[in-house]
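**Student:** If it helps, the file is called query-v2.csv and holds CSV, C-alpha atoms:
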chain,number,residue,atom,x,y,z
A,1,MET,CA,0.0,0.0,0.0
A,2,PHE,CA,1.3,3.5,0.9
A,3,SER,CA,4.1,4.1,3.4
A,4,LYS,CA,3.6,6.7,6.1
A,5,LYS,CA,6.0,9.0,4.3
A,6,LYS,CA,4.1,8.8,1.1
A,7,VAL,CA,0.8,9.4,2.9
A,8,GLY,CA,2.4,12.4,4.6
A,9,GLU,CA,3.5,13.8,1.3
A,10,LEU,CA,0.1,13.4,-0.2
A,11,VAL,CA,-1.6,15.1,2.8
A,12,LYS,CA,0.8,18.0,2.5
A,13,LYS,CA,0.1,18.4,-1.2
A,14,PHE,CA,-3.7,18.2,-0.6
A,15,LEU,CA,-3.4,20.9,2.2
A,16,VAL,CA,-1.4,23.1,-0.1
A,17,ILE,CA,-3.9,22.8,-2.9
A,18,LEU,CA,-6.7,23.6,-0.4
A,19,GLY,CA,-4.6,26.6,0.6
A,20,ILE,CA,-4.4,27.7,-3.0
A,21,PHE,CA,-8.2,27.6,-3.3
A,22,PHE,CA,-8.5,29.5,-0.1
A,23,THR,CA,-5.9,32.1,-1.3
A,24,PHE,CA,-7.8,32.5,-4.6
A,25,PHE,CA,-11.0,33.4,-2.7
A,26,ILE,CA,-9.1,35.9,-0.5
A,27,LEU,CA,-7.6,37.4,-3.6
A,28,TYR,CA,-11.0,37.6,-5.3
A,29,PHE,CA,-12.3,39.4,-2.2
A,30,LEU,CA,-9.4,41.8,-2.3
A,31,GLN,CA,-9.8,42.4,-6.1
A,32,ALA,CA,-13.5,42.9,-5.9
A,33,ASN,CA,-13.8,44.9,-2.7
A,34,PHE,CA,-10.5,46.3,-1.3
A,35,PHE,CA,-8.7,47.4,-4.5
A,36,THR,CA,-11.8,49.1,-5.8
A,37,TRP,CA,-11.1,51.8,-3.2
A,38,PHE,CA,-7.5,52.2,-4.3
A,39,THR,CA,-7.5,52.8,-8.0
A,40,ILE,CA,-5.6,55.1,-10.3
A,41,GLY,CA,-7.8,56.4,-13.1
A,42,GLY,CA,-10.2,53.6,-12.3
A,43,VAL,CA,-7.5,50.9,-12.8
A,44,MET,CA,-6.5,48.4,-10.2
A,45,PRO,CA,-3.9,45.6,-10.1
A,46,ASN,CA,-4.6,42.1,-11.5
A,47,LEU,CA,-3.9,39.9,-8.5
A,48,PHE,CA,-4.7,36.7,-10.5
A,49,VAL,CA,-1.9,37.2,-13.0
A,50,ILE,CA,0.6,37.4,-10.2
A,51,PHE,CA,-1.0,34.5,-8.3
A,52,ILE,CA,-1.1,32.1,-11.3
A,53,LEU,CA,2.4,33.2,-12.3
A,54,PHE,CA,3.8,32.2,-8.9
A,55,ILE,CA,1.9,28.9,-8.9
A,56,GLY,CA,3.6,28.1,-12.2
A,57,LEU,CA,7.0,29.3,-11.0
A,58,PHE,CA,7.0,27.4,-7.7
A,59,ILE,CA,4.8,24.4,-8.2
A,60,GLY,CA,5.1,23.7,-11.9
A,61,LYS,CA,3.6,24.0,-15.3
A,62,LYS,CA,0.9,21.3,-14.9
A,63,LEU,CA,-0.7,22.8,-11.8
A,64,GLY,CA,0.0,26.3,-13.2
A,65,LEU,CA,-2.0,25.4,-16.3
A,66,VAL,CA,-4.8,23.6,-14.4
A,67,PHE,CA,-5.2,26.4,-11.8
A,68,GLY,CA,-5.0,29.1,-14.5
A,69,ILE,CA,-7.8,27.5,-16.5
A,70,LEU,CA,-10.0,26.7,-13.5
A,71,PHE,CA,-9.6,30.1,-11.8
A,72,GLY,CA,-9.9,31.9,-15.1
A,73,ILE,CA,-13.1,30.2,-16.1
A,74,TYR,CA,-14.5,30.8,-12.6
A,75,LEU,CA,-13.6,34.5,-13.0
A,76,ASP,CA,-15.3,34.6,-16.4
A,77,PHE,CA,-18.5,33.1,-14.9
A,78,LEU,CA,-18.5,35.8,-12.2
A,79,VAL,CA,-17.5,38.9,-14.1
A,80,GLY,CA,-16.6,38.1,-17.8
A,81,LYS,CA,-18.6,38.7,-20.9
A,82,SER,CA,-17.2,35.5,-22.5
A,83,ILE,CA,-16.5,32.2,-20.8
A,84,GLY,CA,-13.0,30.9,-21.3
A,85,ILE,CA,-10.7,33.7,-22.3
A,86,SER,CA,-9.4,34.4,-18.8
A,87,GLY,CA,-8.9,30.7,-18.4
A,88,VAL,CA,-6.9,30.4,-21.6
A,89,MET,CA,-4.7,33.4,-20.8
A,90,LEU,CA,-4.1,32.5,-17.2
A,91,GLY,CA,-3.5,28.9,-18.2
A,92,ILE,CA,-0.8,30.0,-20.7
A,93,ILE,CA,0.8,32.1,-18.0
A,94,GLY,CA,0.8,29.3,-15.5
A,95,PHE,CA,2.2,26.8,-18.1
A,96,LEU,CA,5.0,29.1,-19.3
A,97,ALA,CA,6.0,30.1,-15.8
A,98,GLU,CA,8.0,26.9,-15.3
A,99,TYR,CA,10.0,27.5,-18.5
A,100,VAL,CA,10.8,31.0,-17.1
A,101,ASP,CA,11.8,29.3,-13.8
A,102,LYS,CA,14.3,27.1,-15.7
A,103,ASN,CA,15.9,30.0,-17.5
A,104,PHE,CA,15.8,32.8,-14.9
A,105,SER,CA,16.5,33.1,-11.1
A,106,LYS,CA,13.7,33.5,-8.7
A,107,GLU,CA,16.2,35.0,-6.3
A,108,SER,CA,16.3,38.4,-8.0
A,109,ARG,CA,13.5,40.8,-7.3
A,110,LEU,CA,14.3,42.6,-10.5
A,111,THR,CA,13.9,39.5,-12.5
A,112,MET,CA,10.6,38.8,-10.9
A,113,MET,CA,9.4,42.3,-11.6
A,114,LEU,CA,10.3,41.8,-15.3
A,115,ILE,CA,8.5,38.5,-15.4
A,116,VAL,CA,5.4,40.1,-13.8
A,117,ILE,CA,5.6,43.0,-16.3
A,118,VAL,CA,5.7,40.5,-19.3
A,119,SER,CA,2.9,38.4,-17.8
A,120,THR,CA,0.7,41.4,-17.2
A,121,LEU,CA,1.3,42.7,-20.7
A,122,PHE,CA,0.6,39.3,-22.2
A,123,TYR,CA,-2.6,38.8,-20.3
A,124,GLU,CA,-4.1,42.2,-20.9
A,125,THR,CA,-3.1,42.4,-24.6
A,126,GLY,CA,-4.5,38.9,-25.3
A,127,TYR,CA,-7.7,39.8,-23.5
A,128,TYR,CA,-8.0,43.1,-25.4
A,129,ILE,CA,-7.4,41.4,-28.7
A,130,PHE,CA,-10.0,38.8,-27.9
A,131,GLN,CA,-12.5,41.5,-27.0
A,132,ILE,CA,-11.8,43.3,-30.3
A,133,ILE,CA,-12.3,40.2,-32.3
A,134,ARG,CA,-15.3,38.7,-30.4
A,135,TRP,CA,-17.3,41.9,-29.6
A,136,SER,CA,-16.1,44.1,-32.4
A,137,ILE,CA,-15.2,46.9,-30.0
A,138,PRO,CA,-13.4,49.8,-31.5
A,139,ILE,CA,-9.6,49.8,-31.2
A,140,GLU,CA,-8.5,52.6,-28.8
A,141,ILE,CA,-4.8,52.3,-28.5
A,142,LEU,CA,-4.0,55.3,-26.2
A,143,PRO,CA,-6.7,54.4,-23.5
A,144,PHE,CA,-5.6,50.8,-23.6
A,145,ILE,CA,-1.9,51.7,-23.2
A,146,LYS,CA,-2.8,54.0,-20.3
A,147,ILE,CA,-4.8,51.2,-18.5
A,148,LEU,CA,-2.0,48.7,-19.3
A,149,ALA,CA,0.7,50.9,-17.9
A,150,ILE,CA,-1.2,51.6,-14.7
A,151,GLU,CA,-2.1,48.0,-14.1
A,152,THR,CA,1.5,46.8,-14.8
A,153,LEU,CA,2.8,49.5,-12.4
A,154,PHE,CA,0.3,48.3,-9.7
A,155,ASN,CA,1.4,44.7,-10.2
A,156,VAL,CA,5.1,45.5,-10.0
A,157,ILE,CA,4.6,47.6,-6.8
A,158,LEU,CA,2.7,44.6,-5.3
A,159,VAL,CA,5.5,42.3,-6.2
A,160,ILE,CA,8.1,44.7,-4.8
A,161,ILE,CA,6.3,44.8,-1.5
A,162,LEU,CA,5.2,41.2,-1.2
A,163,TYR,CA,8.1,39.3,-2.9
A,164,PRO,CA,9.9,38.3,0.3
A,165,LEU,CA,6.7,36.7,1.6
A,166,LEU,CA,5.9,35.2,-1.8
A,167,GLN,CA,9.4,33.8,-2.2
A,168,LYS,CA,9.4,32.2,1.3
A,169,VAL,CA,6.0,30.6,0.8
A,170,GLY,CA,6.9,29.7,-2.8
A,171,TYR,CA,10.1,27.8,-1.8
A,172,TRP,CA,8.3,26.0,0.9
A,173,VAL,CA,5.6,24.9,-1.6
A,174,GLU,CA,8.2,24.1,-4.2
A,175,GLY,CA,9.9,21.7,-1.7
A,176,ILE,CA,6.6,19.9,-1.3
A,177,PHE,CA,5.7,19.5,-5.0
A,178,LYS,CA,9.0,19.3,-6.8
A,179,ASN,CA,10.9,17.1,-4.3
A,180,GLN,CA,14.3,18.4,-5.2
A,181,ASN,CA,16.3,16.3,-2.8
A,182,VAL,CA,20.0,16.9,-3.4
A,183,LEU,CA,22.1,13.7,-3.0
A,184,THR,CA,25.7,14.3,-3.0
A,185,ARG,CA,28.1,11.5,-3.8
A,186,TYR,CA,31.8,11.7,-3.0
A,187,PHE,CA,34.3,9.5,-4.9
Let's see the structure in the file written out as structure tokens.
**Tutor:**
Amino acid sequence: MFSKKKVGELVKKFLVILGIFFTFFILYFLQANFFTWFTIGGVMPNLFVIFILFIGLFIGKKLGLVFGILFGIYLDFLVGKSIGISGVMLGIIGFLAEYVDKNFSKESRLTMMLIVIVSTLFYETGYYIFQIIRWSIPIEILPFIKILAIETLFNVILVIILYPLLQKVGYWVEGIFKNQNVLTRYF
């Protein structure tokens, strides 16, 4: 059957996944209620891009993809005009995050800021292009760039402030999911 160690690892993974769902609902509350009071020009940060990015970076592409799709579709049901576009965009961010993890260091706050900038630009640009195609909305480049710049700035500020906590929790979760035990052999 299962050894006690294996059962313990499965329980830890289950509890972390439960914690991810709990964190998602806290972030949704913050996004829907708290950050509506702190906007710049009516624009607020996109906490979900940061959250899915960190899931992909620290847990891996499979769970980043799954949580990105699940949470994105849930957000589309709650506030979206079309079901699925947030799921696709967040899923792609979660999936690509592990590839970023392999090529860049998570130790550098500057690197993480750049990754958040690229992820935010990718998500919002993809979402905007989809809206243009699906709903035939007029293309308004300057207002879009203004919104994009403010949201990106907000996301970067949040990462600057919260990165030590995110990094600490991220490495703890990474140790549970990626099982990177280092075995040194001396000859």
**Student:** Restricting the calculation to only C-alpha atoms: of A:Ile137, A:Ile59, A:Ile40, A:Val100, which residue gets closest to Val16 (chain A)?
**Tutor:**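 Nearest to Val16 (chain A): A:Ile59.
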**Student:** Give one line per residue of region 53-106 of chain A that approaches region 110-132 of chain A to at most 7 Å, naming the two atoms of the closest pair and their distance in Å to one decimal, counting all atoms listed in the file; sort by chain then ascending residue number and deliver it as a tab-separated table.
**Tutor:**
residue	atom	partner	partner_atom	distance
A:Ile85	CA	A:Tyr127	CA	6.9
A:Met89	CA	A:Tyr123	CA	5.8
A:Ile93	CA	A:Ser119	CA	6.6
A:Lys106	CA	A:Met112	CA	6.5
**Student:** Around (10.3, 27.7, -10.8) in the file's own coordinates, what residues are found within 6 Å if you use only C-alpha atoms, given back as a PyMOL selection string?
**Tutor:** chain A and resi 57-58+98+101
**Student:** Using only C-alpha atoms, pick whichever of A:Thr23, A:Asn179, A:Thr39, A:Gln31 has the shortest atom-to-atom distance to Phe51 (chain A).
**Tutor:**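 Closest residue, counting only C-alpha atoms: A:Thr23.
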**Student:** If you measure from CA of Tyr163 (chain A) to CA of Trp37 (chain A), what distance in Å do you get, rounded to one decimal?
**Tutor:**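 Straight-line distance from CA of Tyr163 (chain A) to CA of Trp37 (chain A) works out to 22.9 Å.
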**Student:** Record the distance separating CA of Arg109 (chain A) and CA of Ile160 (chain A), expressed in Å with one decimal.
**Tutor:**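 Taking CA of Arg109 (chain A) as the start and CA of Ile160 (chain A) as the end point, the length is 7.1 Å.
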**Student:** Skip region 1-15 of chain A itself and residues of its chain fewer than 6 positions away, then list as a list of chain:residue names all residues within 10 Å of it, counting only C-alpha atoms.
**Tutor:**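 Contacts, in chain order: A:Phe21, A:Val173, A:Ile176, A:Phe177, A:Asn179.
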